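Undergrad: Data file final-v2.csv (CSV, C-alpha atoms) is appended below.
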```
chain,number,residue,atom,x,y,z
A,1,MET,CA,-39.5,41.7,-4.7
A,2,ASN,CA,-38.8,39.5,-7.6
A,3,TRP,CA,-36.9,36.2,-7.4
A,4,SER,CA,-33.7,37.4,-9.2
A,5,GLY,CA,-33.4,40.4,-6.8
A,6,ARG,CA,-33.7,38.1,-3.8
A,7,LYS,CA,-31.3,35.6,-5.3
A,8,HIS,CA,-28.8,38.4,-6.0
A,9,ARG,CA,-29.0,39.5,-2.4
A,10,VAL,CA,-28.6,36.0,-1.1
A,11,ILE,CA,-25.4,35.5,-3.1
A,12,VAL,CA,-24.0,38.8,-1.9
A,13,ASN,CA,-24.7,37.9,1.7
A,14,LEU,CA,-23.1,34.4,1.3
A,15,VAL,CA,-20.0,35.9,-0.3
A,16,PHE,CA,-19.8,38.5,2.5
A,17,ALA,CA,-20.2,35.8,5.1
A,18,ALA,CA,-17.5,33.6,3.5
A,19,VAL,CA,-15.1,36.6,3.4
A,20,VAL,CA,-15.7,37.3,7.1
A,21,VAL,CA,-15.3,33.6,8.1
A,22,GLY,CA,-12.1,33.4,6.0
A,23,ILE,CA,-10.6,36.5,7.7
A,24,LEU,CA,-11.5,35.1,11.2
A,25,VAL,CA,-10.0,31.7,10.4
A,26,PHE,CA,-6.8,33.2,8.9
A,27,ARG,CA,-6.5,35.5,11.9
A,28,TYR,CA,-7.2,33.1,14.8
A,29,LEU,CA,-5.9,29.7,13.5
A,30,PRO,CA,-2.7,28.7,15.1
A,31,PRO,CA,0.3,29.4,12.9
A,32,THR,CA,0.8,25.8,11.8
A,33,VAL,CA,3.0,25.2,8.8
A,34,ALA,CA,2.9,22.8,6.0
A,35,TYR,CA,4.6,19.5,6.4
A,36,TRP,CA,7.6,20.4,4.2
A,37,ARG,CA,8.3,23.4,6.4
A,38,SER,CA,8.0,21.6,9.7
A,39,SER,CA,10.8,20.4,11.9
A,40,GLU,CA,12.8,17.2,11.5
A,41,VAL,CA,11.4,16.0,14.9
A,42,TYR,CA,7.9,16.5,13.6
A,43,LYS,CA,8.6,14.5,10.5
A,44,ARG,CA,10.1,11.7,12.6
A,45,TYR,CA,7.1,11.3,14.8
A,46,CYS,CA,4.1,12.5,12.8
A,47,GLU,CA,3.2,9.0,11.7
A,48,VAL,CA,4.3,7.0,14.8
A,49,GLU,CA,1.5,5.2,16.4
A,50,GLY,CA,0.7,6.3,19.9
A,51,ILE,CA,2.3,9.7,19.5
A,52,ARG,CA,0.5,12.9,18.3
A,53,ALA,CA,2.9,15.4,16.8
A,54,SER,CA,2.4,19.1,16.0
A,55,TYR,CA,4.7,21.9,15.0
A,56,LEU,CA,4.2,25.6,15.6
A,57,LYS,CA,6.6,28.0,13.8
A,58,ASP,CA,6.3,31.1,16.0
A,59,PHE,CA,5.1,30.1,19.4
A,60,PRO,CA,4.9,33.1,21.7
A,61,LEU,CA,7.0,32.7,24.8
A,62,ASN,CA,6.3,36.2,26.1
A,63,ASP,CA,5.4,39.6,24.7
A,64,THR,CA,8.6,39.9,22.7
A,65,LEU,CA,10.0,36.4,22.0
A,66,THR,CA,8.7,33.6,19.8
A,67,VAL,CA,10.2,30.2,19.1
A,68,GLY,CA,9.6,27.2,16.9
A,69,VAL,CA,8.3,24.2,18.9
A,70,THR,CA,7.4,20.6,18.2
A,71,LEU,CA,5.0,19.1,20.6
A,72,LEU,CA,4.9,15.3,21.0
A,73,GLU,CA,2.0,13.9,23.1
A,74,ALA,CA,1.8,10.2,23.9
A,75,THR,CA,-1.7,8.9,23.4
A,76,THR,CA,-0.8,5.3,24.6
A,77,ASP,CA,1.5,3.8,27.2
A,78,SER,CA,3.8,2.4,24.5
A,79,GLY,CA,3.9,5.9,23.0
A,80,TRP,CA,5.1,7.4,26.3
A,81,ALA,CA,7.6,4.5,26.7
A,82,ARG,CA,9.0,5.4,23.2
A,83,LEU,CA,9.3,9.1,24.1
A,84,GLN,CA,11.0,8.2,27.4
A,85,GLU,CA,13.5,6.1,25.5
A,86,ASP,CA,14.1,8.4,22.6
A,87,PHE,CA,14.6,11.5,24.7
A,88,GLU,CA,16.4,9.7,27.5
A,89,ILE,CA,13.9,10.7,30.2
A,90,ARG,CA,15.0,9.2,33.4
A,91,VAL,CA,12.6,6.6,34.9
A,92,LEU,CA,11.8,7.4,38.5
A,93,SER,CA,12.4,5.0,41.3
A,94,GLU,CA,9.4,4.1,43.5
A,95,ASP,CA,10.6,6.4,46.2
A,96,GLU,CA,10.9,9.3,43.8
A,97,LYS,CA,7.4,8.6,42.5
A,98,LYS,CA,6.1,8.8,46.0
A,99,GLU,CA,7.9,12.0,46.6
A,100,LEU,CA,6.4,13.5,43.4
A,101,ALA,CA,2.9,12.3,44.0
A,102,GLY,CA,0.3,15.1,43.8
A,103,ASN,CA,2.9,17.7,42.7
A,104,ARG,CA,3.3,19.0,39.2
A,105,SER,CA,6.7,18.8,37.5
A,106,VAL,CA,8.5,19.8,34.3
A,107,GLY,CA,11.8,18.5,33.1
A,108,PHE,CA,14.5,20.3,31.0
A,109,LYS,CA,17.1,18.8,28.8
A,110,ARG,CA,19.5,20.4,26.3
A,111,LEU,CA,19.7,17.6,23.7
A,112,THR,CA,22.5,16.9,21.3
A,113,THR,CA,20.9,13.9,19.7
A,114,ILE,CA,18.5,15.9,17.5
A,115,GLU,CA,19.8,17.1,14.1
A,116,PRO,CA,19.4,20.9,14.0
A,117,LYS,CA,18.1,22.4,10.8
A,118,ASP,CA,21.2,24.6,10.4
A,119,SER,CA,24.2,25.7,12.4
A,120,THR,CA,22.3,28.4,14.2
A,121,GLU,CA,19.6,26.1,15.7
A,122,ARG,CA,19.9,24.3,19.0
A,123,CYS,CA,17.2,22.2,20.6
A,124,MET,CA,16.0,22.4,24.2
A,125,THR,CA,13.5,19.9,25.4
A,126,THR,CA,10.9,20.0,28.2
A,127,TYR,CA,8.8,17.1,29.3
A,128,SER,CA,5.8,16.5,31.5
A,129,ARG,CA,5.4,13.1,33.2
A,130,GLU,CA,1.8,14.0,34.1
A,131,LYS,CA,0.8,15.0,30.6
A,132,LYS,CA,3.1,12.4,29.0
A,133,SER,CA,4.3,15.0,26.6
A,134,VAL,CA,7.6,16.3,25.2
A,135,CYS,CA,8.2,19.8,23.7
A,136,VAL,CA,11.2,20.3,21.5
A,137,PHE,CA,12.0,24.0,21.3
A,138,HIS,CA,14.1,25.1,18.3
A,139,VAL,CA,16.3,27.8,19.8
A,140,ARG,CA,18.3,30.4,17.9
A,141,ASP,CA,19.7,32.6,20.7
A,142,GLU,CA,20.5,32.5,24.4
A,143,ALA,CA,17.6,34.8,25.4
A,144,GLN,CA,15.2,32.1,24.3
A,145,TYR,CA,16.5,29.5,26.7
A,146,PHE,CA,15.6,31.6,29.8
A,147,ALA,CA,12.3,32.5,28.3
A,148,ILE,CA,11.5,28.8,27.7
A,149,ILE,CA,12.2,28.0,31.3
A,150,MET,CA,10.1,30.9,32.6
A,151,TYR,CA,7.3,30.0,30.3
A,152,SER,CA,7.4,26.3,31.4
A,153,LEU,CA,7.4,27.3,35.1
A,154,ASP,CA,4.5,29.6,34.5
A,155,ASN,CA,2.6,26.7,33.0
A,156,ILE,CA,3.8,23.9,35.2
B,1,MET,CA,-3.7,-12.8,-18.9
B,2,LYS,CA,0.0,-13.1,-18.7
B,3,ILE,CA,0.3,-9.4,-17.7
B,4,THR,CA,-2.3,-9.9,-15.0
B,5,VAL,CA,-0.5,-12.9,-13.5
B,6,VAL,CA,2.8,-11.1,-13.5
B,7,SER,CA,1.2,-8.0,-11.9
B,8,VAL,CA,-0.5,-10.0,-9.2
B,9,ALA,CA,2.7,-11.9,-8.4
B,10,PHE,CA,4.7,-8.6,-8.3
B,11,PHE,CA,2.1,-7.1,-5.9
B,12,VAL,CA,2.2,-10.1,-3.6
B,13,ILE,CA,6.0,-10.1,-3.5
B,14,MET,CA,6.1,-6.3,-2.7
B,15,SER,CA,3.4,-6.7,0.0
B,16,VAL,CA,5.3,-9.5,1.7
B,17,ALA,CA,8.6,-7.5,1.5
B,18,THR,CA,6.9,-4.4,2.9
B,19,VAL,CA,5.3,-6.2,5.8
B,20,GLY,CA,8.6,-8.0,6.5
B,21,CYS,CA,10.5,-4.7,6.6
B,22,GLN,CA,8.0,-3.1,8.9
B,23,LYS,CA,8.7,-5.7,11.7
B,24,GLU,CA,10.5,-4.0,14.5
B,25,SER,CA,13.6,-5.7,15.8
B,26,ILE,CA,14.1,-6.1,19.5
B,27,THR,CA,16.7,-3.8,20.9
B,28,GLU,CA,18.9,-5.9,23.2
B,29,ASP,CA,21.9,-3.5,23.3
B,30,GLN,CA,20.9,-2.6,26.9
B,31,SER,CA,20.9,-6.2,28.2
B,32,ARG,CA,23.6,-6.7,30.8
B,33,VAL,CA,23.0,-10.4,31.8
B,34,SER,CA,26.4,-12.0,32.0
B,35,THR,CA,25.9,-15.8,32.7
B,36,MET,CA,23.0,-18.1,32.9
B,37,ALA,CA,24.6,-20.6,35.3
B,38,ASP,CA,23.3,-19.1,38.6
B,39,SER,CA,20.0,-17.8,39.8
B,40,ARG,CA,19.7,-14.2,38.6
B,41,THR,CA,17.4,-11.3,39.2
B,42,VAL,CA,16.6,-9.8,35.8
B,43,GLY,CA,15.1,-6.3,35.5
B,44,TYR,CA,13.1,-5.5,32.5
B,45,MET,CA,10.6,-2.9,31.3
B,46,VAL,CA,7.5,-3.4,29.4
B,47,ASP,CA,6.0,-0.1,28.0
B,48,GLY,CA,8.1,1.9,30.5
B,49,VAL,CA,6.9,-0.2,33.6
B,50,PHE,CA,9.9,-1.6,35.5
B,51,GLN,CA,9.6,-5.2,36.7
B,52,THR,CA,11.9,-8.0,38.0
B,53,VAL,CA,11.9,-11.7,37.6
B,54,VAL,CA,14.2,-14.4,39.2
B,55,ILE,CA,15.6,-16.8,36.6
B,56,ARG,CA,17.1,-20.0,37.8
B,57,GLY,CA,18.5,-21.7,34.8
B,58,GLY,CA,18.8,-22.0,31.0
B,59,ILE,CA,15.2,-23.3,30.5
B,60,GLU,CA,13.7,-20.5,32.5
B,61,TRP,CA,15.9,-18.0,30.7
B,62,ASN,CA,14.7,-19.4,27.4
B,63,ASP,CA,11.1,-19.1,28.4
B,64,PHE,CA,11.6,-15.6,29.6
B,65,MET,CA,13.2,-14.5,26.4
B,66,MET,CA,10.4,-16.2,24.3
B,67,HIS,CA,7.9,-14.2,26.4
B,68,MET,CA,9.8,-11.0,25.7
B,69,ILE,CA,9.9,-11.7,22.0
B,70,ALA,CA,6.2,-12.4,21.9
B,71,LEU,CA,5.5,-9.1,23.7
B,72,ALA,CA,7.8,-7.3,21.2
B,73,GLU,CA,6.0,-8.8,18.3
B,74,GLU,CA,2.7,-7.6,19.7
B,75,GLY,CA,4.1,-4.1,19.6
B,76,HIS,CA,5.2,-3.5,23.2
B,77,SER,CA,8.4,-1.6,24.0
B,78,ILE,CA,10.8,-4.0,25.7
B,79,ARG,CA,14.0,-3.3,27.6
B,80,VAL,CA,15.9,-6.0,29.4
B,81,LEU,CA,18.6,-5.5,32.1
B,82,GLY,CA,20.3,-8.1,34.2
B,83,GLY,CA,23.0,-8.5,36.9
B,84,SER,CA,21.9,-6.7,40.0
B,85,ALA,CA,18.9,-5.2,38.4
B,86,ASN,CA,17.1,-2.8,40.6
B,87,THR,CA,15.7,0.7,40.3
B,88,GLN,CA,19.2,2.1,41.0
B,89,ALA,CA,20.0,1.1,37.4
B,90,PHE,CA,17.9,4.1,36.4
B,91,SER,CA,19.1,6.5,39.0
B,92,ALA,CA,21.4,9.4,38.1
B,93,LYS,CA,25.0,9.1,39.2
B,94,GLU,CA,25.2,12.8,40.3
B,95,LYS,CA,22.3,14.7,41.7
B,96,VAL,CA,22.1,18.3,43.0
B,97,VAL,CA,18.9,19.7,44.6
B,98,TYR,CA,17.8,23.3,45.0
B,99,THR,CA,14.7,24.5,46.6
B,100,THR,CA,13.2,28.0,46.5
B,101,LYS,CA,9.9,29.8,46.5
B,102,ASP,CA,11.2,32.3,44.0
B,103,LYS,CA,10.3,31.3,40.4
B,104,GLN,CA,12.9,33.6,38.9
B,105,ALA,CA,15.6,32.1,41.1
B,106,ALA,CA,14.4,28.6,40.1
B,107,ALA,CA,14.6,29.5,36.5
B,108,GLU,CA,18.1,31.0,36.8
B,109,TRP,CA,19.4,28.0,38.7
B,110,THR,CA,17.8,25.7,36.1
B,111,LEU,CA,19.5,27.5,33.2
B,112,GLN,CA,22.9,27.4,35.0
B,113,LYS,CA,22.7,23.7,35.6
B,114,ILE,CA,21.5,23.0,32.0
B,115,ASN,CA,24.6,25.0,30.8
B,116,GLU,CA,26.7,22.8,33.0
B,117,GLY,CA,25.4,19.7,31.3
B,118,TYR,CA,22.8,18.6,33.8
B,119,ASP,CA,19.2,17.6,33.1
B,120,VAL,CA,16.9,19.4,35.5
B,121,GLU,CA,13.5,18.5,36.7
B,122,VAL,CA,11.4,21.1,38.6
B,123,THR,CA,8.6,20.2,40.8
B,124,TYR,CA,6.1,22.7,42.1
B,125,ASN,CA,4.3,22.1,45.5
B,126,SER,CA,1.2,24.2,45.3
B,127,GLN,CA,0.6,23.8,49.1
B,128,THR,CA,4.0,25.2,50.1
B,129,GLY,CA,4.6,27.3,47.0
B,130,GLU,CA,8.1,25.8,46.7
B,131,TYR,CA,10.0,24.9,43.5
B,132,THR,CA,12.2,21.9,44.0
B,133,CYS,CA,14.8,21.7,41.3
B,134,VAL,CA,16.7,18.4,40.9
B,135,ALA,CA,19.7,18.4,38.5
B,136,THR,CA,21.1,15.1,37.4
B,137,ARG,CA,23.7,13.8,35.1
```
If you took the structure in this file and wrote it as structure tokens, what would it be?
TA:
Amino acid sequence: MNWSGRKHRVIVNLVFAAVVVGILVFRYLPPTVAYWRSSEVYKRYCEVEGIRASYLKDFPLNDTLTVGVTLLEATTDSGWARLQEDFEIRVLSEDEKKELAGNRSVGFKRLTTIEPKDSTERCMTTYSREKKSVCVFHVRDEAQYFAIIMYSLDNI
Amino acid sequence: MKITVVSVAFFVIMSVATVGCQKESITEDQSRVSTMADSRTVGYMVDGVFQTVVIRGGIEWNDFMMHMIALAEEGHSIRVLGGSANTQAFSAKEKVVYTTKDKQAAAEWTLQKINEGYDVEVTYNSQTGEYTCVATR
């Protein structure tokens, strides 16, 4: 086999592999959106030290419902303190901490302090003290509220 | 040469102004210390950890505030309370508790309380299989 034939076959194989990888990446990457299409909450926290922010446009709650969600994870104690303060997460007393010790928990708040994107959007927030994280769900209908609660309890 | 000097001066001025604007101010709107005359127990939080200190006069109060300012400048989150500071300051005024082993019932109760204006925290005990829902406002 001459060199040009082999070279031609290598190029074809590389192009084919690149196409396959591209399809797999496009198919299985989480549906993250560009910054300018993300939520106001994401924009507020994406550059805050001690907090890792991410936004998913169509997060699946179950087989039929999806919802936009901004996830805020504290990577430092001061980051968690900032989230507790900003989202008015109640600080537990020592007795309450002892009662909760060893158990998993999730908190729910329907916030009015976050600016909705438009008149059809409401925000529901869940938080986990163990994971030091806050999820802001961008809700557009009542059915999503119950689905968010069920999803959170499934993953408590 | 003149342009270089002016450019450097402009850059220095902008850098100083930028750094100055980035300094975070201490939020003291939550402070509830009324007087400094008597010995007071002051509650405060550093990075979300609640602590108390007894302050017996103006000098100790001044030292305490300087310490809080220094912590804030280091980037810590500071909140100061006063008066009868204790963990009750963070407790909810109204609390309703519901316990069930049925996840659907826990979810329905949670949604109902949220619609009534409560915040709800659900704890799952894996040993008993119980969901304890605490609604507060």
Undergrad: Enumerate, in order of chain and increasing residue number, the residues of chain A with an atom no farther than 8 Å from chain B, each with its shortest atom pair and distance in Å to one decimal, counting all atoms listed in the file, as CSV.
TA:
```
residue,atom,partner,partner_atom,distance
A:Asp77,CA,B:Asp47,CA,6.0
A:Ser78,CA,B:Asp47,CA,4.8
A:Trp80,CA,B:Gly48,CA,7.5
A:Ala81,CA,B:Gly48,CA,4.6
A:Arg82,CA,B:Ser77,CA,7.1
A:Gln84,CA,B:Gly48,CA,7.6
A:Arg90,CA,B:Phe90,CA,6.6
A:Val91,CA,B:Phe90,CA,6.0
A:Leu92,CA,B:Phe90,CA,7.2
A:Ser93,CA,B:Thr87,CA,5.5
A:Glu94,CA,B:Thr87,CA,7.8
A:Leu100,CA,B:Thr123,CA,7.5
A:Asn103,CA,B:Asn125,CA,5.4
A:Arg104,CA,B:Tyr124,CA,5.5
A:Ser105,CA,B:Thr123,CA,4.1
A:Val106,CA,B:Val122,CA,5.3
A:Gly107,CA,B:Glu121,CA,4.0
A:Phe108,CA,B:Val120,CA,5.2
A:Lys109,CA,B:Asp119,CA,4.9
A:Arg110,CA,B:Ile114,CA,6.6
A:Tyr145,CA,B:Leu111,CA,7.4
A:Phe146,CA,B:Leu111,CA,6.6
A:Ile149,CA,B:Ala107,CA,5.9
A:Met150,CA,B:Ala107,CA,6.1
A:Leu153,CA,B:Lys103,CA,7.2
A:Ile156,CA,B:Tyr124,CA,7.4
```
Undergrad: Could you tell me how far CA of Ile55 in chain B sits from CA of Gly43 in chain B, in Å to one decimal place?
TA: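 Interatomic distance here is 10.6 Å.
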Undergrad: By how many Å are CA of Ser152 in chain A and CA of Val48 in chain A apart?
TA: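 Separating CA of Ser152 in chain A from CA of Val48 in chain A is a distance of 25.6 Å.
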Undergrad: CA of Tyr45 in chain A and CA of Asp141 in chain A are how many Å apart?
TA: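 Answer for the CA of Tyr45 in chain A to CA of Asp141 in chain A separation: 25.4 Å.
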Undergrad: Taking all atoms listed in the file into account, name the residue in B:Tyr44, B:Trp109, B:Val80, B:Val54 that is nearest to Val97 in chain B.
TA: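 Between B:Tyr44, B:Trp109, B:Val80, B:Val54, the residue approaching Val97 in chain B most closely is B:Trp109.
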